[in-house]
>>> print(open('entry-v5.cif').read())   # mmCIF, C-alpha atoms
data_structure
loop_
_atom_site.label_atom_id
_atom_site.label_comp_id
_atom_site.auth_asym_id
_atom_site.auth_seq_id
_atom_site.Cartn_x
_atom_site.Cartn_y
_atom_site.Cartn_z
CA MET A 55 -81.43 -26.07 33.96
CA LYS A 56 -82.38 -24.57 30.59
CA ILE A 57 -85.55 -25.78 28.82
CA LEU A 58 -86.79 -24.89 25.34
CA ILE A 59 -90.57 -25.09 24.81
CA THR A 60 -91.68 -24.97 21.18
CA GLY A 61 -95.26 -24.02 20.39
CA ASN A 62 -95.58 -22.38 23.79
CA MET A 63 -98.14 -19.84 22.54
CA GLY A 64 -100.75 -22.43 21.60
CA TYR A 65 -103.46 -24.16 23.61
CA VAL A 66 -101.30 -26.46 25.74
CA GLY A 67 -98.20 -24.27 26.03
CA PRO A 68 -99.33 -21.72 28.65
CA GLY A 69 -100.11 -24.48 31.15
CA VAL A 70 -96.79 -26.20 30.46
CA VAL A 71 -94.89 -22.97 31.04
CA LYS A 72 -96.71 -22.38 34.33
CA GLN A 73 -96.08 -25.96 35.45
CA LEU A 74 -92.37 -25.85 34.67
CA ARG A 75 -91.95 -22.48 36.36
CA SER A 76 -93.80 -23.75 39.43
CA THR A 77 -91.69 -26.90 39.83
CA ARG A 78 -88.43 -25.31 38.62
CA PRO A 79 -88.42 -21.71 39.89
CA TYR A 80 -84.78 -21.19 38.98
CA ALA A 81 -84.83 -22.84 35.56
CA HIS A 82 -84.11 -20.81 32.44
CA LEU A 83 -87.24 -21.21 30.29
CA VAL A 84 -87.19 -20.31 26.61
CA GLY A 85 -90.31 -20.19 24.45
CA LEU A 86 -90.21 -20.64 20.68
CA ASP A 87 -93.32 -20.01 18.60
CA SER A 88 -94.31 -18.76 15.17
CA GLY A 89 -96.99 -16.58 16.76
CA PHE A 90 -100.03 -17.76 14.78
CA PHE A 91 -102.24 -17.65 17.90
CA ALA A 92 -100.30 -15.21 20.07
CA ASP A 93 -103.24 -12.81 20.30
CA ALA A 94 -105.86 -15.51 20.92
CA LEU A 95 -105.85 -14.86 24.67
CA THR A 96 -108.73 -16.08 26.81
CA THR A 97 -107.41 -14.99 30.17
CA THR A 98 -107.97 -12.00 32.40
CA GLY A 99 -104.63 -12.59 34.09
CA VAL A 100 -101.11 -11.68 33.09
CA LEU A 101 -99.60 -12.68 29.75
CA PRO A 102 -98.51 -16.34 30.10
CA GLU A 103 -95.10 -15.58 28.59
CA THR A 104 -94.13 -13.22 31.43
CA VAL A 105 -92.79 -16.17 33.43
CA LEU A 106 -90.36 -17.10 30.65
CA ASN A 107 -86.77 -15.90 30.52
CA GLU A 108 -86.87 -15.59 26.74
CA GLN A 109 -89.43 -15.69 23.94
CA LEU A 110 -88.31 -16.42 20.38
CA PHE A 111 -90.65 -15.86 17.44
CA LEU A 112 -89.48 -18.39 14.89
CA ASP A 113 -90.83 -21.05 12.54
CA ILE A 114 -89.61 -24.47 13.66
CA ARG A 115 -88.63 -25.17 10.04
CA ASP A 116 -86.04 -22.39 10.37
CA VAL A 117 -84.40 -23.27 13.67
CA THR A 118 -80.60 -23.02 13.68
CA PRO A 119 -78.05 -24.75 15.95
CA GLU A 120 -77.55 -21.54 17.95
CA VAL A 121 -81.06 -21.89 19.40
CA PHE A 122 -79.90 -24.93 21.40
CA GLN A 123 -76.96 -23.22 23.08
CA GLY A 124 -76.97 -24.37 26.71
CA ILE A 125 -80.33 -26.15 26.37
CA ASP A 126 -80.75 -29.25 28.54
CA SER A 127 -84.25 -30.33 27.50
CA VAL A 128 -86.64 -29.64 24.64
CA VAL A 129 -90.42 -29.80 25.03
CA HIS A 130 -91.75 -29.99 21.49
CA LEU A 131 -95.40 -28.90 21.27
CA ALA A 132 -95.29 -27.01 17.96
CA ALA A 133 -97.38 -28.69 15.26
CA ILE A 134 -100.25 -28.40 12.85
CA SER A 135 -102.71 -29.21 15.53
CA ASN A 136 -105.70 -31.12 14.22
CA ASP A 137 -107.34 -33.14 11.47
CA ALA A 138 -109.16 -30.19 9.87
CA ILE A 139 -105.97 -28.20 9.30
CA GLY A 140 -104.10 -31.32 8.21
CA LYS A 141 -106.74 -32.01 5.57
CA LEU A 142 -106.38 -28.46 4.25
CA ASN A 143 -102.69 -28.96 3.43
CA GLU A 144 -101.32 -32.46 3.90
CA GLN A 145 -97.83 -31.67 2.56
CA THR A 146 -97.36 -28.76 4.96
CA THR A 147 -98.68 -30.88 7.82
CA TYR A 148 -96.05 -33.54 7.08
CA ALA A 149 -93.32 -30.94 6.59
CA ILE A 150 -93.99 -29.34 9.99
CA ASN A 151 -95.17 -32.24 12.14
CA CYS A 152 -92.69 -34.83 10.91
CA LEU A 153 -89.77 -33.45 8.88
CA ALA A 154 -89.26 -30.28 10.92
CA THR A 155 -89.67 -32.26 14.15
CA LEU A 156 -86.92 -34.70 13.18
CA ARG A 157 -84.64 -31.94 11.97
CA LEU A 158 -85.21 -30.10 15.27
CA ALA A 159 -84.42 -33.24 17.25
CA ALA A 160 -81.30 -33.99 15.20
CA LEU A 161 -79.98 -30.48 15.80
CA ALA A 162 -80.79 -30.78 19.50
CA ARG A 163 -78.88 -34.05 19.75
CA GLN A 164 -75.91 -32.62 17.86
CA GLN A 165 -75.80 -29.65 20.22
CA GLY A 166 -75.73 -31.82 23.34
CA VAL A 167 -79.34 -31.56 24.50
CA ARG A 168 -80.03 -34.35 26.98
CA SER A 169 -83.77 -34.97 26.59
CA PHE A 170 -86.48 -34.43 24.01
CA VAL A 171 -90.19 -34.57 24.91
CA PHE A 172 -92.54 -34.97 21.96
CA ALA A 173 -96.27 -34.24 22.16
CA SER A 174 -97.71 -37.12 20.15
CA SER A 175 -101.31 -38.29 20.00
CA CYS A 176 -103.52 -41.32 20.63
CA SER A 177 -105.08 -40.49 17.25
CA VAL A 178 -102.37 -42.74 15.74
CA TYR A 179 -104.56 -45.70 16.78
CA GLY A 180 -107.30 -44.55 14.41
CA ILE A 181 -109.59 -47.57 14.32
CA GLY A 182 -109.95 -49.47 17.53
CA GLY A 183 -113.51 -49.44 18.80
CA ALA A 184 -114.01 -50.73 22.31
CA GLN A 185 -110.81 -52.79 22.27
CA THR A 186 -108.26 -51.17 24.57
CA LYS A 187 -105.15 -49.99 22.78
CA THR A 188 -101.74 -50.24 24.45
CA GLU A 189 -98.31 -49.09 23.32
CA THR A 190 -97.73 -52.49 21.70
CA SER A 191 -100.99 -52.42 19.72
CA ARG A 192 -100.92 -51.99 15.97
CA ILE A 193 -101.57 -48.40 14.96
CA HIS A 194 -103.84 -47.34 12.13
CA PRO A 195 -103.63 -43.56 11.54
CA LEU A 196 -106.49 -42.29 9.39
CA THR A 197 -105.65 -38.61 8.86
CA ALA A 198 -102.68 -36.52 7.73
CA TYR A 199 -102.28 -35.29 11.31
CA ALA A 200 -102.21 -38.81 12.76
CA HIS A 201 -99.85 -40.07 10.03
CA SER A 202 -97.43 -37.20 10.68
CA LYS A 203 -97.34 -37.96 14.41
CA ALA A 204 -96.80 -41.68 13.81
CA GLN A 205 -93.93 -41.06 11.40
CA ALA A 206 -92.31 -38.54 13.73
CA GLU A 207 -92.41 -41.06 16.58
CA LEU A 208 -90.51 -43.60 14.49
CA GLY A 209 -87.80 -41.14 13.52
CA LEU A 210 -87.41 -39.90 17.08
CA ARG A 211 -86.97 -43.41 18.43
CA ASP A 212 -84.19 -43.94 15.89
CA LEU A 213 -82.45 -40.80 17.26
CA ALA A 214 -82.80 -41.81 20.91
CA GLY A 215 -79.86 -43.05 22.94
CA GLU A 216 -78.23 -43.03 26.35
CA ARG A 217 -77.24 -39.37 25.91
CA PHE A 218 -80.40 -38.25 24.10
CA VAL A 219 -83.47 -39.48 25.97
CA VAL A 220 -86.64 -39.24 23.90
CA THR A 221 -90.14 -39.43 25.37
CA CYS A 222 -93.08 -39.60 22.97
CA LEU A 223 -96.20 -38.83 24.97
CA ARG A 224 -99.23 -40.20 23.12
CA PHE A 225 -101.73 -37.81 24.63
CA ALA A 226 -105.43 -38.51 24.85
CA THR A 227 -107.65 -35.83 23.30
CA ALA A 228 -106.93 -32.54 25.02
CA CYS A 229 -109.65 -30.63 26.85
CA GLY A 230 -110.11 -28.00 29.51
CA MET A 231 -109.62 -24.29 30.09
CA SER A 232 -106.48 -22.57 28.87
CA ASP A 233 -105.10 -19.05 28.59
CA ARG A 234 -105.39 -19.63 24.81
CA LEU A 235 -108.55 -21.69 24.57
CA ARG A 236 -109.47 -23.88 21.60
CA LEU A 237 -113.07 -24.80 20.92
CA ASP A 238 -112.33 -27.29 18.12
CA LEU A 239 -111.97 -30.14 20.63
CA VAL A 240 -114.84 -32.44 21.48
CA LEU A 241 -115.42 -31.62 25.16
CA ASN A 242 -114.67 -27.91 24.72
CA ASP A 243 -117.09 -27.79 21.78
CA PHE A 244 -119.87 -29.44 23.80
CA VAL A 245 -119.47 -27.03 26.71
CA ALA A 246 -119.32 -23.97 24.44
CA SER A 247 -122.38 -25.10 22.48
CA ALA A 248 -124.36 -25.81 25.64
CA MET A 249 -123.54 -22.39 27.07
CA ALA A 250 -124.12 -20.41 23.87
CA THR A 251 -127.20 -22.18 22.53
CA GLY A 252 -128.55 -24.41 25.28
CA GLU A 253 -128.14 -27.38 22.95
CA ILE A 254 -125.59 -30.08 22.08
CA SER A 255 -126.09 -31.69 18.68
CA ILE A 256 -124.02 -34.76 17.84
CA LEU A 257 -123.84 -35.25 14.09
CA SER A 258 -122.44 -38.77 14.41
CA ASP A 259 -124.21 -41.73 16.00
CA GLY A 260 -122.41 -40.98 19.26
CA THR A 261 -120.75 -44.39 19.58
CA PRO A 262 -117.04 -43.60 18.88
CA TRP A 263 -114.65 -43.88 21.81
CA ARG A 264 -112.38 -41.00 22.79
CA PRO A 265 -109.87 -40.85 25.63
CA LEU A 266 -109.56 -37.37 27.15
CA ILE A 267 -106.96 -35.51 29.19
CA ASP A 268 -107.16 -32.08 30.81
CA VAL A 269 -104.47 -29.62 29.69
CA HIS A 270 -103.36 -29.31 33.31
CA ASP A 271 -102.65 -33.04 33.39
CA MET A 272 -100.80 -32.78 30.08
CA ALA A 273 -98.51 -30.22 31.68
CA ALA A 274 -97.86 -32.53 34.64
CA ALA A 275 -96.92 -35.39 32.32
CA ILE A 276 -94.50 -33.16 30.42
CA ASP A 277 -93.02 -32.05 33.74
CA TRP A 278 -92.18 -35.71 34.45
CA ALA A 279 -90.80 -36.43 30.99
CA VAL A 280 -88.40 -33.45 30.96
CA GLU A 281 -86.06 -35.20 33.41
CA ARG A 282 -87.04 -38.83 32.87
CA ASP A 283 -84.18 -41.21 33.63
CA VAL A 284 -83.20 -43.56 30.83
CA GLU A 285 -83.64 -46.49 33.24
CA ASN A 286 -87.30 -45.51 33.64
CA GLY A 287 -88.69 -46.51 30.26
CA GLY A 288 -85.57 -46.73 28.09
CA PRO A 289 -83.85 -44.21 25.82
CA GLY A 290 -86.80 -43.94 23.42
CA ALA A 291 -90.11 -44.33 25.26
CA VAL A 292 -93.58 -44.19 23.73
CA VAL A 293 -96.18 -43.72 26.45
CA ASN A 294 -99.97 -43.47 26.24
CA THR A 295 -100.68 -40.45 28.41
CA GLY A 296 -104.02 -40.08 30.14
CA SER A 297 -106.26 -42.02 32.50
CA ASN A 298 -108.16 -45.28 32.07
CA ALA A 299 -111.15 -43.63 33.74
CA TRP A 300 -111.28 -40.94 31.06
CA ASN A 301 -112.29 -43.15 28.11
CA PHE A 302 -115.72 -41.99 26.93
CA GLN A 303 -118.09 -42.59 24.08
CA VAL A 304 -119.03 -39.32 22.41
CA ALA A 305 -122.71 -39.54 23.37
CA GLU A 306 -121.78 -40.34 26.97
CA LEU A 307 -119.53 -37.28 27.05
CA ALA A 308 -122.32 -35.05 25.78
CA GLU A 309 -124.63 -36.42 28.46
CA LEU A 310 -122.06 -35.62 31.14
CA VAL A 311 -121.79 -32.02 29.91
CA ALA A 312 -125.57 -31.65 29.76
CA GLY A 313 -125.88 -33.05 33.28
CA GLU A 314 -123.25 -30.73 34.73
CA LEU A 315 -124.58 -27.57 33.10
CA GLY A 316 -128.30 -28.33 33.35
CA GLY A 317 -131.13 -27.26 31.08
CA VAL A 318 -129.34 -28.47 27.95
CA LYS A 319 -131.14 -30.09 25.02
CA LEU A 320 -129.25 -33.08 23.64
CA SER A 321 -129.70 -34.62 20.20
CA VAL A 322 -127.84 -37.54 18.61
CA ASN A 323 -128.06 -38.61 14.98
CA ARG A 324 -128.45 -42.33 15.63
CA HIS A 325 -128.79 -43.00 11.90
CA ALA A 326 -125.47 -41.41 10.91
CA PRO A 327 -122.69 -43.64 9.52
CA ALA A 328 -120.26 -44.80 12.19
CA ASP A 329 -117.18 -42.62 12.65
CA ARG A 330 -114.10 -44.75 11.87
CA ARG A 331 -112.00 -42.69 14.29
CA SER A 332 -112.73 -44.61 17.46
CA TYR A 333 -110.21 -45.80 20.00
CA ARG A 334 -110.28 -46.81 23.65
CA VAL A 335 -106.82 -46.50 25.17
CA GLY A 336 -105.05 -48.08 28.13
CA PHE A 337 -102.77 -45.93 30.27
CA ASP A 338 -101.28 -48.50 32.64
CA ARG A 339 -97.73 -47.95 31.47
CA PHE A 340 -97.93 -44.23 32.21
CA SER A 341 -99.18 -45.02 35.72
CA GLN A 342 -96.24 -47.38 36.23
CA LEU A 343 -93.58 -45.00 34.90
CA ALA A 344 -94.93 -41.74 36.37
CA PRO A 345 -97.16 -42.59 39.36
CA LYS A 346 -96.82 -39.09 40.84
CA HIS A 347 -97.88 -37.38 37.61
CA VAL A 348 -101.00 -39.29 36.56
CA PRO A 349 -104.27 -37.34 36.20
CA ARG A 350 -105.92 -36.75 39.57
CA GLY A 351 -109.01 -34.74 38.66
CA ASN A 352 -112.41 -35.75 37.33
CA ILE A 353 -114.35 -34.80 34.23
CA ALA A 354 -116.88 -32.76 36.21
CA ALA A 355 -114.13 -30.46 37.48
CA THR A 356 -112.81 -29.94 33.95
CA ILE A 357 -116.30 -29.10 32.69
CA GLY A 358 -116.70 -26.68 35.61
CA ARG A 359 -113.45 -24.86 34.82
CA LEU A 360 -114.50 -24.54 31.20
CA ARG A 361 -117.88 -23.16 32.22
CA ASN A 362 -116.28 -20.63 34.57
CA GLY A 363 -113.65 -19.64 32.03
CA LEU A 364 -116.23 -19.07 29.30
CA ARG A 365 -118.36 -17.04 31.69
CA ALA A 366 -115.35 -14.87 32.54
CA MET A 367 -114.94 -14.27 28.78
CA ASP A 368 -118.64 -13.30 28.58
CA PHE A 369 -118.94 -16.03 25.97
CA HIS A 370 -122.29 -16.25 24.17
CA ASP A 371 -121.39 -16.73 20.51
CA ALA A 372 -123.81 -19.23 18.96
CA ASP A 373 -121.69 -19.16 15.76
CA PHE A 374 -118.39 -19.90 17.54
CA ARG A 375 -117.55 -22.65 15.05
CA GLN A 376 -117.12 -19.90 12.46
CA GLY A 377 -114.97 -17.82 14.79
CA PRO A 378 -111.33 -17.45 15.87
CA TRP A 379 -111.46 -20.06 18.66
CA MET A 380 -111.33 -22.70 15.94
CA ARG A 381 -107.68 -23.04 14.89
CA LEU A 382 -108.42 -23.62 11.21
CA ASN A 383 -110.48 -20.42 11.04
CA ARG A 384 -107.64 -18.41 12.53
CA LEU A 385 -105.14 -19.68 9.97
CA LEU A 386 -107.57 -19.05 7.11
CA GLU A 387 -108.05 -15.53 8.45
CA HIS A 388 -104.29 -14.94 8.36
CA GLN A 389 -104.16 -16.23 4.79
CA ALA A 390 -107.13 -14.14 3.64
CA ALA A 391 -105.43 -11.05 5.06
CA GLY A 392 -102.25 -11.87 3.14
CA ARG A 393 -100.21 -12.56 6.25
CA LEU A 394 -99.56 -16.28 5.68
CA ASP A 395 -98.70 -18.09 2.45
CA ASP A 396 -100.03 -21.52 1.44
CA GLN A 397 -97.17 -23.24 3.31
CA LEU A 398 -98.10 -21.43 6.52
CA ARG A 399 -95.11 -19.11 6.48
CA TRP A 400 -95.35 -15.45 7.41
CA LYS A 401 -95.01 -13.33 4.28
CA HIS A 402 -93.56 -10.22 5.88
CA ARG A 403 -91.30 -11.17 8.75
CA GLY A 404 -87.80 -9.91 9.38
CA ALA A 405 -85.07 -11.43 11.51
CA VAL A 406 -85.89 -11.82 15.19
CA ALA A 407 -83.48 -10.18 17.59
CA GLY A 408 -80.89 -12.73 18.67
CA VAL A 409 -81.96 -15.30 16.09
CA VAL A 410 -81.05 -15.49 12.42
CA PRO A 411 -83.79 -17.44 10.62
CA ASN A 412 -82.46 -20.13 8.33
CA SER A 413 -84.38 -20.12 5.05
CA ASN A 414 -82.28 -22.95 3.62
CA ALA A 415 -84.43 -26.00 4.27
CA GLU A 416 -81.68 -28.22 2.83
CA GLN A 417 -79.09 -27.48 5.52
CA PRO A 418 -76.97 -30.64 5.74
CA LEU A 419 -77.48 -32.83 8.79
CA SER A 420 -76.13 -36.23 9.70
CA LEU A 421 -79.74 -37.40 9.52
CA PHE A 422 -82.21 -38.55 6.92
CA LEU A 423 -85.44 -36.83 6.02
CA PRO A 424 -87.72 -39.85 6.33
CA GLN A 425 -90.09 -41.30 3.79
CA PRO A 426 -93.31 -43.06 4.89
CA ASP A 427 -92.31 -46.04 7.00
CA ALA A 428 -94.02 -49.43 6.88
CA ARG A 429 -93.37 -49.91 10.61
CA MET A 430 -96.33 -47.71 11.46
CA LEU A 431 -98.81 -50.13 9.84
#
>>> encode(input="entry-v5.cif", output="structure tokens")
Amino acid sequence: MKILITGNMGYVGPGVVKQLRSTRPYAHLVGLDSGFFADALTTTGVLPETVLNEQLFLDIRDVTPEVFQGIDSVVHLAAISNDAIGKLNEQTTYAINCLATLRLAALARQQGVRSFVFASSCSVYGIGGAQTKTETSRIHPLTAYAHSKAQAELGLRDLAGERFVVTCLRFATACGMSDRLRLDLVLNDFVASAMATGEISILSDGTPWRPLIDVHDMAAAIDWAVERDVENGGPGAVVNTGSNAWNFQVAELAELVAGELGGVKLSVNRHAPADRRSYRVGFDRFSQLAPKHVPRGNIAATIGRLRNGLRAMDFHDADFRQGPWMRLNRLLEHQAAGRLDDQLRWKHRGAVAGVVPNSNAEQPLSLFLPQPDARML
């Protein structure tokens, strides 16, 4: 079996690669990444990519049909990864997260790839409050990032069929330790702040709901989706991916972190305007479709792994929100150094061995480039 993993050098990718290598020791694993965060390692172990058979450094907007030669499944993680970056450049967010995703999927289908796993997000629900959102609930994306994921889902479902099985995993908010850690995620931020400053300050009123999922559990879900049978969910499945037990209000989550770490001062701005981004999500369908791959751990264990990982890094940076562990800061650093342009393309990159980058974004395909779709509202 040959599997292509895009965005493998990000936060989630290292765990996915390890999971797939563990469950498929003889598979041919290919990584594809632009390399924005390749040096953002937070591990004392071996380079995560050493378990791959191949590593391609390539922008997903430039992928050519040759990349899919012999590929059976695509795991598509590559994306502009959060609301802050999406707000910085909404057009580029849409171009990468939606248009490039659909072009990638169309090429994969044309080249005979059997399955396509898309890392989507529960952020598409946007406004929900305490009402539990299921896959049949109306979505209300509030940010450029959430809109791009919602639009990509629609296009991917249109591409799905008996011979091209698409699984859109609507992941809860990621958290947990990784070989390329991010600290611009709510739980990770709380743990880092508690360890570096002894305090957790919540600028909102603390009431918004957030579902969470550990990166290890994300990898397990992807492991299931890679070879999902069409009879188990249909040719184009959208699946909330997480655990019902991992729905938390932000203030509750901060209290859990403070309780696990001890000696932490907690403050909540109870007078702040309510955050509109609030959604409680139901994960029953995931449990039904993939009972052997549902999250098994608990939030305390995830907090503990983060604590231990940060200690191993000798982490004590009280100004970490201004540092490289925040993805937006890293991209701005690349731009300030003249390495990236305003469309997040490398300015000085030659052809990668074995791959000829395609700079013609208008390469004909038997597919549309979608416009905003009313079905997402």
>>> axis_aligned_box(input="entry-v5.cif", around="range 378-392 of chain A", padding_each_side="8 Å", output="AutoDock Vina command-line options")
--center_x -106.9 --center_y -17.3 --center_z 10.9 --size_x 25.2 --size_y 28.6 --size_z 31.5
>>> resolve_selection(input="entry-v5.cif", expression="the PyMOL selection byres ((chain A and resi 276) around 12)", output="JSON, numbers by chain")
{"A": [57, 59, 66, 67, 69, 70, 71, 72, 73, 74, 77, 127, 128, 129, 130, 131, 169, 170, 171, 172, 173, 174, 220, 221, 222, 223, 224, 225, 269, 270, 271, 272, 273, 274, 275, 277, 278, 279, 280, 281, 282, 293, 295, 296, 340, 344, 347, 348]}
>>> resolve_selection(input="entry-v5.cif", expression="the PyMOL selection byres ((chain A and resi 333) around 7)", output="PyMOL selection string")
chain A and resi 179-184+263-264+331-332+334-335
>>> closest_residue(input="entry-v5.cif", among="A:Ala206, A:Ile267, A:Ala94, A:Leu161", to="Leu385 in chain A", atoms="all atoms listed in the file")
A:Ala94
>>> atom_distance(input="entry-v5.cif", atom1="CA of Val284 in chain A", atom2="CA of Arg75 in chain A")
23.5 Å
>>> atom_distance(input="entry-v5.cif", atom1="CA of Tyr199 in chain A", atom2="CA of Pro119 in chain A")
26.8 Å
>>> atom_distance(input="entry-v5.cif", atom1="CA of Arg361 in chain A", atom2="CA of Asp268 in chain A")
14.0 Å
>>> residues_around(input="entry-v5.cif", residues="His194 in chain A", least_positions_apart="2", cutoff="12 Å", atoms="all atoms listed in the file", output="count of residues only")
27
>>> resolve_selection(input="entry-v5.cif", expression="the PyMOL selection byres ((chain A and resi 383) around 12)", output="PyMOL selection string")
chain A and resi 90-91+94+138-139+142+236-238+374-382+384-390
>>> closest_residue(input="entry-v5.cif", among="A:Thr98, A:Gln164, A:Ser175, A:Gln123", to="Leu364 in chain A", atoms="all atoms listed in the file")
A:Thr98
>>> residues_near_point(input="entry-v5.cif", point="(-110.5, -23.7, 27.1)", cutoff="12 Å", atoms="all atoms listed in the file", output="PDB file with C-alpha atoms, in the coordinates of the input")
ATOM      1  CA  GLY A  64    -100.750 -22.430  21.600  1.00  0.00           C
ATOM      2  CA  TYR A  65    -103.460 -24.160  23.610  1.00  0.00           C
ATOM      3  CA  VAL A  66    -101.300 -26.460  25.740  1.00  0.00           C
ATOM      4  CA  PRO A  68     -99.330 -21.720  28.650  1.00  0.00           C
ATOM      5  CA  GLY A  69    -100.110 -24.480  31.150  1.00  0.00           C
ATOM      6  CA  ALA A  94    -105.860 -15.510  20.920  1.00  0.00           C
ATOM      7  CA  LEU A  95    -105.850 -14.860  24.670  1.00  0.00           C
ATOM      8  CA  THR A  96    -108.730 -16.080  26.810  1.00  0.00           C
ATOM      9  CA  THR A  97    -107.410 -14.990  30.170  1.00  0.00           C
ATOM     10  CA  ALA A 228    -106.930 -32.540  25.020  1.00  0.00           C
ATOM     11  CA  CYS A 229    -109.650 -30.630  26.850  1.00  0.00           C
ATOM     12  CA  GLY A 230    -110.110 -28.000  29.510  1.00  0.00           C
ATOM     13  CA  MET A 231    -109.620 -24.290  30.090  1.00  0.00           C
ATOM     14  CA  SER A 232    -106.480 -22.570  28.870  1.00  0.00           C
ATOM     15  CA  ASP A 233    -105.100 -19.050  28.590  1.00  0.00           C
ATOM     16  CA  ARG A 234    -105.390 -19.630  24.810  1.00  0.00           C
ATOM     17  CA  LEU A 235    -108.550 -21.690  24.570  1.00  0.00           C
ATOM     18  CA  ARG A 236    -109.470 -23.880  21.600  1.00  0.00           C
ATOM     19  CA  LEU A 237    -113.070 -24.800  20.920  1.00  0.00           C
ATOM     20  CA  ASP A 238    -112.330 -27.290  18.120  1.00  0.00           C
ATOM     21  CA  LEU A 239    -111.970 -30.140  20.630  1.00  0.00           C
ATOM     22  CA  VAL A 240    -114.840 -32.440  21.480  1.00  0.00           C
ATOM     23  CA  LEU A 241    -115.420 -31.620  25.160  1.00  0.00           C
ATOM     24  CA  ASN A 242    -114.670 -27.910  24.720  1.00  0.00           C
ATOM     25  CA  ASP A 243    -117.090 -27.790  21.780  1.00  0.00           C
ATOM     26  CA  PHE A 244    -119.870 -29.440  23.800  1.00  0.00           C
ATOM     27  CA  VAL A 245    -119.470 -27.030  26.710  1.00  0.00           C
ATOM     28  CA  ALA A 246    -119.320 -23.970  24.440  1.00  0.00           C
ATOM     29  CA  ASP A 268    -107.160 -32.080  30.810  1.00  0.00           C
ATOM     30  CA  VAL A 269    -104.470 -29.620  29.690  1.00  0.00           C
ATOM     31  CA  HIS A 270    -103.360 -29.310  33.310  1.00  0.00           C
ATOM     32  CA  THR A 356    -112.810 -29.940  33.950  1.00  0.00           C
ATOM     33  CA  ILE A 357    -116.300 -29.100  32.690  1.00  0.00           C
ATOM     34  CA  GLY A 358    -116.700 -26.680  35.610  1.00  0.00           C
ATOM     35  CA  ARG A 359    -113.450 -24.860  34.820  1.00  0.00           C
ATOM     36  CA  LEU A 360    -114.500 -24.540  31.200  1.00  0.00           C
ATOM     37  CA  ARG A 361    -117.880 -23.160  32.220  1.00  0.00           C
ATOM     38  CA  ASN A 362    -116.280 -20.630  34.570  1.00  0.00           C
ATOM     39  CA  GLY A 363    -113.650 -19.640  32.030  1.00  0.00           C
ATOM     40  CA  LEU A 364    -116.230 -19.070  29.300  1.00  0.00           C
ATOM     41  CA  ARG A 365    -118.360 -17.040  31.690  1.00  0.00           C
ATOM     42  CA  ALA A 366    -115.350 -14.870  32.540  1.00  0.00           C
ATOM     43  CA  MET A 367    -114.940 -14.270  28.780  1.00  0.00           C
ATOM     44  CA  PHE A 369    -118.940 -16.030  25.970  1.00  0.00           C
ATOM     45  CA  TRP A 379    -111.460 -20.060  18.660  1.00  0.00           C
ATOM     46  CA  MET A 380    -111.330 -22.700  15.940  1.00  0.00           C
TER      47      MET A 380
END
>>> closest_residue(input="entry-v5.cif", among="A:Ala354, A:Ala308, A:Ala160, A:Ile256", to="Asn323 in chain A", atoms="all atoms listed in the file")
A:Ile256
>>> residues_around(input="entry-v5.cif", residues="Trp400 in chain A", least_positions_apart="6", cutoff="10 Å", atoms="all atoms listed in the file", output="list in words")
Ser88, Gly89, Phe90, Leu112, Asp113, His388, Gln389, Gly392, Arg393 and Leu394 of chain A
>>> closest_residue(input="entry-v5.cif", among="A:Asn352, A:Asp368, A:Ser297, A:Leu257", to="Val322 in chain A", atoms="all atoms listed in the file")
A:Leu257
